[in-house]
Structure formats: structure tokens, C-alpha cells
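First up is the structure itself, then whatever we jot down about it.
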Amino acid sequence: MFCFQCQETAKGTGCILSGVCGKTPEVANMQDLLLFVVRGIAVYNQALRKDGRSSARADKFIFDALFTTITNANFDKHAIIKKIKKGLELKKDLSNQVTIEHAPDECTWYGDETEFEEKAQTVGVLRTSDEDIRSLKELVHYGIKGMAAYVEHAYNLGYENPEIFAFMQYALAELTREDITVDELITLTLATGNHGVQAMAQLDTANTSHYGNPEISEVNIGVRNNPGILVSGHDLKDIEELLQQTEGTGIDIYTHSEMLPAHYYPQLKKYKHLVGNYGNAWWKQKEEFETFNGPILMTTNCIVPPKDSYKERLYTTDRIYTTGATGLEGATYIPERKDGKQKDFSVIIEHARRCQPPVAIESGKIVGGFAHAQVIALADKVVEAVKSGAIRKFFVMAGCDGRMKSRSYYTEFAEKLPADTVILTAGCAKYRYNKLPLGDINGIPRVLDAGQCNDSYSLAIIAMKLQEVFGLKDINDLPIVYNIAWYEQKAVIVLLALLALGVKKIHLGPTLPAFLSPNVKQVLIDNFGIGGISTADEDIAKFLA
């Protein structure tokens, strides 16, 4: 195997023996093969689209399969093999509808399962020998993967954009070209960012249209004395249907990690048995899941496969349930929706009835719900605070959390920021500082949480609104510093989207991506001012200078 798609990749260069995330070489290789099949399907469906005959089944398969390969989403080799087989059947069906001259290898291979492992060895990241071409191809690839996550969440709420589907498949088809140039790939990278903005905007519309605009909300982080189900991941449709099916049952629903912002939406917070948030960022789940006692529903990526000793304790009660693009061997999978009906969560509900209430691991409340509509409603107050000098600068500290000790930098950075600064955040990076007593500025909390990593678009909208209010020609003239923690591919598309919106001088940490070659890294530095981080003290001094 070779994988360097996440920030924690081994030695900062690439995982070759097993994934730091927990995936085995067999799972990694099957994911590579699934991506290979996806690229072939994209080539065929793109050709059909030109004739006005594109396949909706192919559209869905592509974004679902891409989501399956995001870091920490699916560790079930058998489920991935099953998806590969479905993909090969779909590709064969599409190939009977259109002829492609000089088809790339992705289009011409139809092997059986006995050939899967052998073929997988030739289609991974290292299939491209030129370092810069490989780097740019993977940058686009990971951006498209992140885009697929936004597209799938919107799709689940009934929102689709054929233009986004068409671009994703065009980009995937371009990645099959052996003659593609660095300049063409740079253009494709920027186009990926532009379409990333569209995908993020579509999801924002889907969420707010369906659930209402997030509201400033206090969220309980303690527990009640009822059996509970803990919901992790990002898919709001899943938690909505679970809330509907558990209403009146005496079972409490708790959010975990990136599902915390469910408490901010009016149409979700109306459920009285949505009682609180349990735990912290995804990487602490093994210890926190153990004390929860009840079953856990993983709706999307951010799974940490348990080690054997932990698995023995956890799986004796089969407490992990997966759904959507997720998978974990030994866990119970809840099937997709069919014929317009809800997912059937009865198995996890019955399981919860047999469980003890969760054990409290903390108490108190945290505040969130500062998405763009809420912050724009406070625009006059914010602008006045900036003009009076009460707020000197905003720090966008969105993104992901992770296990590395170096991520304590973000807690230290937040603690040491002067009292006249405000943090804008989204994603699980917030767990590094959202429980710190940082106070407020004239009633404005110093940590404004917009929601999930999926809600990073809110931070862009806020910046553009402030640019308009202050009458600035350049978004980079705002008193905003971008100090973003990244982990996986959704962070990649957020970065590319920000670049497409004209934002420069973004700092990424705790390390820059391993998939950026020295030359590609230099292009990003020269053209966009991308930078890394040093120490909290040094960076604060630099950012406030």
C-alpha cells in the first residue's frame, strides 16, 4: 500500500505498512481499485453526458464511492469489494451505450475478484511516476473526494446539481490522461476550488432550507438518566430520521464530535430527546464510547477502528452501527433508503432499550450556532466593535482535530490570543478550545462556532459580508487571519474553495500536506501565500504585527 492523503500519514511521507488511520493494506488496496473503477465510470458517463444521455445511477455511484474512500470512513474490505463489483457491472452497462476511442486502462479492465489484489498494486497513487504531476493529480483527487461528501449530504436532502456532477466526472476523466501537463492540472485544481464553492453553497442551502438557519444555542454536555444512542459523523438526515423514530420511546439521543451542530438547527433542536453532546473530537472516541454504554451510530467518516483488546469489550455487545458510506468489520450496517422511505433504525433502537444510561464524563454547557445568518444579523454590532477597536482581529481556526501532540498548538494559540480578538471556527478543530473560558467582547463570544466542517462555507459568507460592509475591494484587506488545522480530504476542498474565492495567506498545520511536491508547494506559496505554522507565540506576534 501507499497512502498520503491525510495529515497524520506515517513519518509525514506516506503509509506503506498499514494506515495510521487503522486501515489494513488490503483495505487500502481495495480503495485504490475502487477509485480506479470510479475513474472509468466517469469517462463513460462524461461521454454519455455529451450526448445528453448521462446516467443518474452513475452520478450517485461516483460520489458515494468517492466518499467511501475518504480517511476514516470505511474499513470493511468485503463491503468495498462488493462496491467494486457493482461498479464493474455499471461500467460494463455504460460501455454498451457508448464507444470511446483510445479508452484509458480504467475503462478497459473488467477483472474478477481473484484479480483484484493484483490489479490494485498497479493503480494506486504511485501509478504516476512524475512527482509534480502526481502531486497535482492527487490534489485534485482529494478535492473531488471532499466535494463528494458535500454532494452526498445535499443529495440526501433532495438537492442535486448536474453541473457539479459533470465537473466531478470531467475532472476524474482528466486524471486518467497520461499526457496531461502541469499547467493543465493547475487550471484543473483552480476549477476544482470553484466547483467546491458551488458544492458547499448547495449543501448550505439544503441544510438551511430543510432545518432552518442555525440559532445561537447552549448545548448540554452532561447526561440524563435514560438509555441513549450516540450519533457521530456528519449526516443530518440520518439523525433527523433517528429522532423521529425514537420520539416517545424514552430513549435519549446524544451527538458526538461533528454532529454537535445538530443542536443549532430549529427543526432538529425541537426534539426534546435530543439532549446533549457527549465527548469531544473523533480521535477520543474509543475511551468515550466505552463509557457511553449505549449503541453508537456512525453516519459518515471519523471512525477509529478499535484495537483488539478494546474490540473484545466493545463488540461483545455489538455497539457500533454504520450506515451510508461507512463500514467497519464486525459492526452492524443499516441499509440505505429505498422507495422514498426512511432508513430503518429499529435494530439500534431495540438495542438501546437494553442498555444502561451513559456515564457522565463532563458537565456544563457550550455555546454555538454562529453560522452566517446569525452572524450577519449581528453585523452592526460586530462592525461597531471593529471600528471602536474592541475587536482588533478575527482568527479563522476552522478545520479538523487529530491525535498528534503537535495539535496542542491550537489550544495554546487560542489561550494566548489577546482579549480583543475573536475566533471563527467550524469543524472538530473547535474541540481544542471551545470549552476554554475565553469570555466575550461587548456580548460577542470570543469563539463563534459556525458548525461542522461542512459549514465552513459560512465563514466564507461572513468574510464576504464584512468585505461588503467595510467597502473593501479585496477580501484580504479584512482584519482576518486564517490559521487552519487540516486532517483529511474535506479540508482539502475547503482550502481550494477559499483560494477560488480569492483568500490568500492561509496557514495550514500542524504540517503541510505530504502529497504536495516541493515544486507544487512553491507554486502555492508564490501565488497564494500558503504557509505553515511555527510556535503559538511566534505566530501570534507575526499575525498581529
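The chains in the C-alpha cells are called A, B, ... from first to last as shown; in each chain the residues are counted from 1, and the ligands are counted from 1 in the order shown.
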Which of segment 319-539 of chain A fall in strand (DSSP E), as JSON, numbers by chain: {"A": [320, 321, 322, 323, 332, 333, 334, 365, 366, 367, 368, 393, 394, 395, 396, 421, 422, 423, 424, 425, 440, 441, 444, 445, 447, 448, 449, 480, 481, 482, 483, 484, 485, 506, 507, 508, 509]}
Distance query segment 98-101 of chain A at most 9 Å, only C-alpha atoms, self and fewer than 5 positions along chain excluded, as JSON, numbers by chain: {"A": [43, 44, 45, 47, 48, 107]}
Now that the selection is made, can you save its residues with C-alpha atoms as a CSV table (one decimal), in the first residue's frame?
```csv
chain,number,residue,atom,x,y,z
A,43,VAL,CA,-15.0,8.6,-18.5
A,44,TYR,CA,-18.1,6.7,-19.9
A,45,ASN,CA,-20.6,8.8,-18.2
A,47,ALA,CA,-19.2,10.7,-22.9
A,48,LEU,CA,-22.8,9.9,-22.4
A,107,CYS,CA,-12.2,1.8,-19.0
```
Test item: residues at most 8 Å from Asn454 of chain A, only C-alpha atoms, excluding those fewer than 4 positions along its chain, as JSON, numbers by chain: {"A": [150, 200, 203, 234, 426, 427, 490]}
Kindly save the residues from that selection, with C-alpha atoms included, as a PDB file, in the first residue's frame.
```
ATOM      1  CA  TYR A 150     -20.809  17.746   0.397  1.00  0.00           C
ATOM      2  CA  MET A 200     -20.593  23.989  -0.317  1.00  0.00           C
ATOM      3  CA  LEU A 203     -25.218  21.967   0.973  1.00  0.00           C
ATOM      4  CA  HIS A 234     -21.963  14.479   9.761  1.00  0.00           C
ATOM      5  CA  ALA A 426     -16.158  25.225  12.140  1.00  0.00           C
ATOM      6  CA  GLY A 427     -15.293  21.539  12.238  1.00  0.00           C
ATOM      7  CA  LYS A 490     -12.903  17.645   3.087  1.00  0.00           C
TER       8      LYS A 490
END
```
Non-local contacts of Glu241 of chain A (10 Å; only C-alpha atoms; under 5 positions in same chain excluded) as a PyMOL selection string: chain A and resi 236+246+342-345
Segment 183-198 of chain A environment, 7 Å, only C-alpha atoms, sequence neighbours closer than 5 positions dropped, as a ChimeraX atom specification: /A:136-137,140,143,147,164,493,496-497,499-500
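Proximity to Ala414 of chain A was assessed for A:Asp537, A:Glu288, A:Glu138, A:Glu8 counting only C-alpha atoms; the smallest distance is recorded for A:Asp537.
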Proximity to Asn220 of chain A - best of A:Ser129, A:Asn156, A:Ser135, A:Ser363, only C-alpha atoms: A:Ser363
Segment 333-337 of chain A surroundings by only C-alpha atoms, 12 Å radius, close-in-sequence under 4 positions cut, as a PyMOL selection string: chain A and resi 64+74+76+79+156-157+237-238+241-242+296-299+318-329+341-349
Within 8 Å of Pro214 of chain A using only C-alpha atoms, minus same-chain residues under 5 positions, as number ranges by chain: A: 208, 264-266, 369-371, 373-374
Nearest to Glu350 of chain A, chosen from A:Gly228, A:Gly529, A:Pro104, A:Pro445, with only C-alpha atoms counted in the distances: A:Gly228
